[in-house]
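Okay, so here's the structure we're looking at.
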Amino acid sequence: MSDPIAIQTLKAHDIKATLPRILILKYVVGNETHPTAEDVFNKIHEEESSISLATIYNTLETFVKKGILQKINSFCDKVHYDSNMDLHFHLICQKCKKVYDIKRYDSIKFQIKKELFKKYDIDKMQVCFQGCCTDCKKLNSKKDQS
Ligand SMILES: [Zn+2]
Ligand SMILES: [Zn+2]
């Protein structure tokens with residue numbers, strides 16, 4: 001994302017374009033690693049050391065409120081941020097704590113009663129799986145062999 005597009009995006013969401021906001025937006029949009037506030041802080045700090053962790057938190061929360069980001073409340077205590085607003089599920093690896101997208105959600109069968117959809121207007125859904133990712137599984141099997 002270029003600076004002009006970042007500024008445009010902020011304006012379109014009624015957010016005043018400031019340097020921290022532009023930098024944070026550029027880092028989080030399209031970022032598939034689902035960064036935490038600390039991850040964003042560490043990255044942004046390389047470019048602009050005057051930006052505090054508090055600013056990062058506040059900005060991320062503003063982006064969530066404005067619908068630019070969604071929060072993933074994982075099983076661990078850390079909150080992850082995701083700019084992919086499409087319906088998709090997550091897997092959180094309990095070993096490396098990485099968050100993976102599960103895009104083929106249609107292959108997962110959920111039994112949600114029809115009455116639920118009749119009673120409520122559901123516009124958001126969060127499903128989070130916990131497990132061990134393929135990278136960590138590989139590491140584990142290597143350890144077993146040695
Ligand atoms: Zn892992
Ligand atoms: Zn995601």
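Each chain in the structure tokens gets a letter, A, B, ..., in the order shown, and its residues are numbered from 1; ligands are numbered from 1 in order too.
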For chain A versus ligand 1, which residues have an atom no more than 8 Å away, and what is each residue's nearest atom pair and distance in Å rounded to one decimal, using only C-alpha atoms and all ligand atoms, chain-then-number order, as a tab-separated table?
```
residue	atom	partner	partner_atom_place_in_ligand_line	distance
A:Ile92	CA	ligand 1	1 (Zn)	7.9
A:Cys93	CA	ligand 1	1 (Zn)	4.6
A:Gln94	CA	ligand 1	1 (Zn)	6.6
A:Lys95	CA	ligand 1	1 (Zn)	5.0
A:Cys96	CA	ligand 1	1 (Zn)	4.1
A:Lys97	CA	ligand 1	1 (Zn)	6.2
A:Lys98	CA	ligand 1	1 (Zn)	6.0
A:Cys132	CA	ligand 1	1 (Zn)	5.5
A:Cys133	CA	ligand 1	1 (Zn)	4.2
A:Thr134	CA	ligand 1	1 (Zn)	6.7
A:Asp135	CA	ligand 1	1 (Zn)	5.6
A:Cys136	CA	ligand 1	1 (Zn)	4.3
A:Lys137	CA	ligand 1	1 (Zn)	7.3
```
Which residues, written as a compact mmCIF listing (two decimals) with C-alpha atoms, in the first residue's frame, have at least one atom at most 9 Å from segment 50-53 of chain A, with only C-alpha atoms counted and residues fewer than 4 positions away on the same chain left out?
```txt
# COMPACT_ATOMS: atom_id res chain seq x y z
CA PRO A 20 1.50 6.76 13.01
CA ALA A 37 -0.06 -4.94 19.10
CA GLU A 38 3.49 -5.81 20.20
CA VAL A 40 3.07 -3.96 15.15
CA PHE A 41 5.01 -1.90 17.68
CA ILE A 44 6.83 0.34 13.36
CA HIS A 45 9.53 1.21 15.86
CA TYR A 57 -3.01 0.09 20.80
CA ASN A 58 -5.29 3.09 20.34
```
When the cut-off is 6 Å and you count only C-alpha atoms and all ligand atoms, which residues lie near ligand 2, shown as a short mmCIF file (atom, residue, chain, number, x, y, z; two decimals) with N, CA and C atoms, in the first residue's frame?
```
data_model
loop_
_atom_site.label_atom_id
_atom_site.label_comp_id
_atom_site.auth_asym_id
_atom_site.auth_seq_id
_atom_site.Cartn_x
_atom_site.Cartn_y
_atom_site.Cartn_z
N ASP A 82 -6.49 -8.67 12.36
CA ASP A 82 -6.59 -9.26 11.02
C ASP A 82 -7.29 -8.26 10.10
N ASN A 84 -8.18 -9.07 7.09
CA ASN A 84 -9.06 -9.85 6.23
C ASN A 84 -10.44 -9.90 6.88
N ASP A 101 -4.95 -18.86 8.82
CA ASP A 101 -6.29 -18.73 8.26
C ASP A 101 -6.78 -20.09 7.79
#
```
Practice item. Can you list, as a PyMOL selection string, all residues belonging to segment 65-137 of chain A that DSSP tags as alpha helix (DSSP H)? Key: chain A and resi 65+114-119+134-137
Exercise for review: Report as a ChimeraX atom specification: the residues of chain A with a DSSP assignment of strand (DSSP E or B), based on the backbone of this structure.
Suggested key: /A:36,70-73,79-82,89-93,99-102,128-131
Please dump the current selection as an mmCIF file, in the first residue's frame; keep N, CA and C atoms.
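Generated output (out-v7.cif):
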```cif
data_model
loop_
_atom_site.group_PDB
_atom_site.id
_atom_site.type_symbol
_atom_site.label_atom_id
_atom_site.label_comp_id
_atom_site.auth_asym_id
_atom_site.auth_seq_id
_atom_site.Cartn_x
_atom_site.Cartn_y
_atom_site.Cartn_z
ATOM 1 N N THR A 36 0.059 -9.101 16.664
ATOM 2 C CA THR A 36 -0.434 -8.548 17.923
ATOM 3 C C THR A 36 0.005 -7.082 17.970
ATOM 4 N N GLN A 70 -10.263 -6.684 12.114
ATOM 5 C CA GLN A 70 -11.023 -7.424 13.109
ATOM 6 C C GLN A 70 -10.065 -7.996 14.139
ATOM 7 N N LYS A 71 -10.607 -8.141 15.351
ATOM 8 C CA LYS A 71 -9.810 -8.664 16.440
ATOM 9 C C LYS A 71 -10.043 -10.156 16.531
ATOM 10 N N ILE A 72 -8.993 -10.894 16.753
ATOM 11 C CA ILE A 72 -9.156 -12.315 16.997
ATOM 12 C C ILE A 72 -8.823 -12.559 18.454
ATOM 13 N N ASN A 73 -9.828 -12.952 19.186
ATOM 14 C CA ASN A 73 -9.589 -13.273 20.586
ATOM 15 C C ASN A 73 -9.233 -14.751 20.667
ATOM 16 N N VAL A 79 -4.234 -10.589 21.943
ATOM 17 C CA VAL A 79 -5.225 -10.275 20.920
ATOM 18 C C VAL A 79 -4.492 -10.100 19.597
ATOM 19 N N HIS A 80 -4.981 -10.761 18.568
ATOM 20 C CA HIS A 80 -4.388 -10.632 17.250
ATOM 21 C C HIS A 80 -5.296 -9.781 16.368
ATOM 22 N N TYR A 81 -4.691 -9.108 15.392
ATOM 23 C CA TYR A 81 -5.464 -8.257 14.490
ATOM 24 C C TYR A 81 -5.377 -8.795 13.067
ATOM 25 N N ASP A 82 -6.486 -8.665 12.355
ATOM 26 C CA ASP A 82 -6.587 -9.256 11.019
ATOM 27 C C ASP A 82 -7.294 -8.260 10.099
ATOM 28 N N PHE A 89 -12.055 -18.744 9.243
ATOM 29 C CA PHE A 89 -11.785 -19.230 10.590
ATOM 30 C C PHE A 89 -10.282 -19.240 10.850
ATOM 31 N N HIS A 90 -9.924 -19.471 12.080
ATOM 32 C CA HIS A 90 -8.509 -19.465 12.444
ATOM 33 C C HIS A 90 -8.081 -20.710 13.193
ATOM 34 N N LEU A 91 -6.823 -21.020 13.007
ATOM 35 C CA LEU A 91 -6.202 -22.053 13.823
ATOM 36 C C LEU A 91 -5.035 -21.404 14.541
ATOM 37 N N ILE A 92 -4.981 -21.575 15.835
ATOM 38 C CA ILE A 92 -3.865 -21.035 16.600
ATOM 39 C C ILE A 92 -3.001 -22.190 17.071
ATOM 40 N N CYS A 93 -1.733 -22.142 16.685
ATOM 41 C CA CYS A 93 -0.811 -23.200 17.084
ATOM 42 C C CYS A 93 -0.406 -22.950 18.535
ATOM 43 N N VAL A 99 -0.958 -17.669 14.101
ATOM 44 C CA VAL A 99 -2.373 -17.765 13.749
ATOM 45 C C VAL A 99 -2.489 -18.033 12.258
ATOM 46 N N TYR A 100 -3.184 -19.095 11.915
ATOM 47 C CA TYR A 100 -3.336 -19.467 10.514
ATOM 48 C C TYR A 100 -4.780 -19.263 10.078
ATOM 49 N N ASP A 101 -4.945 -18.857 8.822
ATOM 50 C CA ASP A 101 -6.294 -18.733 8.261
ATOM 51 C C ASP A 101 -6.784 -20.088 7.790
ATOM 52 N N ILE A 102 -8.022 -20.353 8.053
ATOM 53 C CA ILE A 102 -8.660 -21.514 7.444
ATOM 54 C C ILE A 102 -9.715 -20.946 6.520
ATOM 55 N N CYS A 128 -12.470 -20.348 16.174
ATOM 56 C CA CYS A 128 -11.040 -20.465 16.396
ATOM 57 C C CYS A 128 -10.699 -21.890 16.826
ATOM 58 N N PHE A 129 -9.806 -22.501 16.106
ATOM 59 C CA PHE A 129 -9.361 -23.835 16.458
ATOM 60 C C PHE A 129 -7.997 -23.732 17.132
ATOM 61 N N GLN A 130 -7.733 -24.674 17.990
ATOM 62 C CA GLN A 130 -6.456 -24.696 18.678
ATOM 63 C C GLN A 130 -5.767 -26.002 18.340
ATOM 64 N N GLY A 131 -4.474 -25.928 18.056
ATOM 65 C CA GLY A 131 -3.803 -27.178 17.721
ATOM 66 C C GLY A 131 -2.323 -26.998 17.501
#
```
Review point. Do you know which residues are at most 9 Å from Ser2 of chain A counting only C-alpha atoms, after dropping those on the same chain fewer than 4 positions away, and could you put them as a list in words?
Key: Ala6, Ile7 and Lys26 of chain A
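The space separating atom CA of Ile22 of chain A from atom CA of Asp3 of chain A comes to 7.0 Å.
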**Study point:** For Lys103 of chain A, the nearest of the candidates A:Leu87, A:Ile15, A:Ile5, A:Leu10, counting only C-alpha atoms
**Key:**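 That would be A:Leu87, the residue with the smallest distance to Lys103 of chain A.
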Practice item. Rank A:Val127, A:Leu139, A:Met85, A:Leu19 by their smallest atom-to-atom distance to Val64 of chain A, using only C-alpha atoms, and report the top residue only. Key: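 Distance minimum relative to Val64 of chain A lands on A:Met85.
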Do a neighbour search on Leu69 of chain A at 12 Å with only C-alpha atoms, toss out local chain neighbours closer than 2 positions, and write the hits as a compact mmCIF listing (two decimals) with C-alpha atoms, in the first residue's frame.
```txt
# COMPACT_ATOMS: atom_id res chain seq x y z
CA HIS A 13 -13.19 5.67 7.14
CA ILE A 24 0.29 1.20 11.05
CA LEU A 25 -2.30 0.91 8.29
CA TYR A 27 1.75 -2.61 7.95
CA VAL A 28 -1.49 -4.31 8.92
CA VAL A 29 -3.44 -4.25 5.67
CA GLY A 30 -2.80 -7.40 3.69
CA ASN A 31 -0.63 -8.77 6.49
CA GLU A 32 -1.57 -12.41 6.87
CA HIS A 34 -2.29 -11.71 12.27
CA PRO A 35 0.05 -9.46 14.28
CA THR A 36 -0.43 -8.55 17.92
CA THR A 59 -4.82 3.14 16.59
CA LEU A 60 -5.52 -0.58 16.24
CA GLU A 61 -8.68 -0.17 18.35
CA THR A 62 -9.78 2.75 16.15
CA PHE A 63 -9.24 0.60 13.05
CA VAL A 64 -11.36 -2.16 14.62
CA LYS A 65 -14.16 0.28 15.44
CA LYS A 66 -14.08 1.64 11.90
CA GLY A 67 -14.19 -1.80 10.33
CA LYS A 71 -9.81 -8.66 16.44
CA ILE A 72 -9.16 -12.31 17.00
CA HIS A 80 -4.39 -10.63 17.25
CA TYR A 81 -5.46 -8.26 14.49
CA ASP A 82 -6.59 -9.26 11.02
CA SER A 83 -7.31 -7.03 8.02
CA ASN A 84 -9.06 -9.85 6.23
CA MET A 85 -12.70 -9.00 6.95
CA ASP A 86 -14.09 -11.90 4.92
```
Study note, to complete from the structure: Students should find that atom CA of Arg21 of chain A and atom CA of Thr55 of chain A are spaced 8.9 Å
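Proximity to His88 of chain A was assessed for A:Lys118, A:Met125, A:Ile68, A:Asp14 counting only C-alpha atoms; the smallest distance is recorded for A:Met125.
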